[in-house]
Amino acid sequence: MQTIPANPLLHHPQRPLPRHVAVIGAGTIGPDIGYYLKRALPQIRLTLVDVAQPALDRALQRCHDYARKAVARGKMSEADAAAITADIVGTLDYGALADCDWVIEAATENLALKRRLFADVERIVSPQALITSNTSSLPAKRIFAELEHPGRATVTHFFAPAWRNPAVEVIDWDKLDADVLAYLRWLFAFTGKVPLLTDDVVCFMLDRVFDNWCNDAALLLDRATAAEIDGAVAR
């Protein structure tokens, strides 16, 4: 693991804030990642990419619904909601990624698919663009090792619901550029996340804890109800 400051906000990045971010995958977590970014950085352009138009339509509606509910609950002004929901588009065309500063993949947990996807992405974006995956279990060295510029690519694993859960794992691996690692940790901290620096191992850190926690909870079902187990955990 690389030696970097314990406090990510002590980093002074040379790279500016992103202007155009794309999220590939408009299913469960992809739109939530996009909404978190737009809420934290409303000035950015956000492009959601998927292979199915209905998924894109649902994802765009979800982003607007989040903002509408926040306004209704008095947690956001109409002006802020308008800024957050502006410049969000959905597309089936990967060519829309050409001028992205950062591409985040949140597609199916399939290694071969991810490798093909990132090979296509690398042919489209500039060599300076950041490329990250939201995989919860596949090591970065398995996903990115064949890229032409692997130093700008890693795993950024968000924990659900991604738009409000502060946890995000930033995976350190042997080909990752130290400046990129420091920048991502700084960017997440700057936008209200808690970046967890994690080694490049199967299931990283969060899923190793969460999966065992869920298994232990299930093993208690013969002696307590689900509500009782949830209540004990919450306390």
# chains A, B, ... in the order shown; residues from 1 in each chain; ligands from 1
>>> residues_around(residues="Trp173 of chain A", least_positions_apart="2", cutoff="12 Å", atoms="only C-alpha atoms", output="number ranges by chain")
A: 1-2, 139-145, 150-156, 170-171, 175-178, 180-181, 197-201, 204
>>> residues_around(residues="Asn165 of chain A", least_positions_apart="6", cutoff="9 Å", atoms="only C-alpha atoms", output="PyMOL selection string")
chain A and resi 158-159+193
>>> residues_around(residues="segment 86-97 of chain A", least_positions_apart="2", cutoff="7 Å", atoms="only C-alpha atoms", output="mmCIF file with C-alpha atoms, in the first residue's frame")
data_model
loop_
_atom_site.group_PDB
_atom_site.id
_atom_site.type_symbol
_atom_site.label_atom_id
_atom_site.label_comp_id
_atom_site.auth_asym_id
_atom_site.auth_seq_id
_atom_site.Cartn_x
_atom_site.Cartn_y
_atom_site.Cartn_z
ATOM 1 C CA ALA A 22 -20.328 9.417 -16.595
ATOM 2 C CA ARG A 45 -22.493 17.405 -16.276
ATOM 3 C CA LEU A 46 -23.690 13.892 -15.497
ATOM 4 C CA THR A 47 -24.159 11.265 -18.178
ATOM 5 C CA LEU A 48 -25.825 7.942 -17.365
ATOM 6 C CA VAL A 49 -25.023 5.154 -19.817
ATOM 7 C CA ASP A 50 -26.839 1.860 -20.217
ATOM 8 C CA VAL A 51 -27.771 -0.691 -22.870
ATOM 9 C CA LEU A 56 -32.185 5.043 -18.301
ATOM 10 C CA ALA A 82 -33.111 22.744 -10.261
ATOM 11 C CA ALA A 83 -29.317 23.004 -10.225
ATOM 12 C CA ILE A 84 -28.915 19.370 -9.185
ATOM 13 C CA ASP A 99 -14.877 14.426 -23.013
ATOM 14 C CA CYS A 100 -15.474 12.884 -19.574
ATOM 15 C CA ILE A 124 -12.938 6.703 -26.151
ATOM 16 C CA VAL A 125 -11.765 8.879 -23.257
#
>>> closest_residue(among="A:Ala81, A:Ile131, A:Ala160, A:Leu221", to="Glu105 of chain A", atoms="only C-alpha atoms")
A:Ile131
>>> atom_distance(atom1="atom CA of Cys214 of chain A", atom2="atom CA of Thr191 of chain A")
29.2 Å
>>> atom_distance(atom1="atom CA of Cys63 of chain A", atom2="atom CA of Thr132 of chain A")
21.3 Å
>>> select_by_dssp(residues="segment 132-162 of chain A", states="alpha helix (DSSP H)", output="CSV table (one decimal) with C-alpha atoms, in the first residue's frame")
chain,number,residue,atom,x,y,z
A,140,ALA,CA,-8.5,-4.0,-9.5
A,141,LYS,CA,-5.6,-6.0,-10.7
A,142,ARG,CA,-8.0,-8.4,-12.4
A,143,ILE,CA,-10.1,-5.7,-14.0
A,144,PHE,CA,-7.5,-3.1,-15.1
>>> closest_residue(among="A:Leu41, A:Ala72, A:Ile229, A:Val103", to="Ala129 of chain A", atoms="only C-alpha atoms")
A:Val103
>>> closest_atom_pairs(of="segment 118-221 of chain A", to="segment 5-18 of chain A", cutoff="10 Å", atoms="only C-alpha atoms", output="tab-separated table")
residue	atom	partner	partner_atom	distance
A:Gln128	CA	A:Arg15	CA	9.8
A:Ala129	CA	A:Pro18	CA	9.4
A:Leu130	CA	A:Pro18	CA	9.5
A:Asp179	CA	A:Pro13	CA	8.0
A:Val180	CA	A:Arg15	CA	9.0
A:Leu181	CA	A:Pro8	CA	9.8
A:Ala182	CA	A:His11	CA	6.7
A:Tyr183	CA	A:Pro13	CA	6.0
A:Leu184	CA	A:Pro8	CA	8.8
A:Arg185	CA	A:Pro8	CA	5.5
A:Trp186	CA	A:Pro8	CA	4.7
A:Leu187	CA	A:Leu17	CA	7.8
A:Phe188	CA	A:Pro8	CA	8.6
A:Ala189	CA	A:Leu9	CA	6.6
A:Phe190	CA	A:Leu9	CA	7.0
A:Val194	CA	A:Pro8	CA	9.5
A:Pro195	CA	A:Pro8	CA	8.2
A:Leu197	CA	A:Ala6	CA	9.4
>>> closest_residue(among="A:Ile33, A:Arg123, A:Asn134, A:Met205", to="Ala107 of chain A", atoms="only C-alpha atoms")
A:Asn134
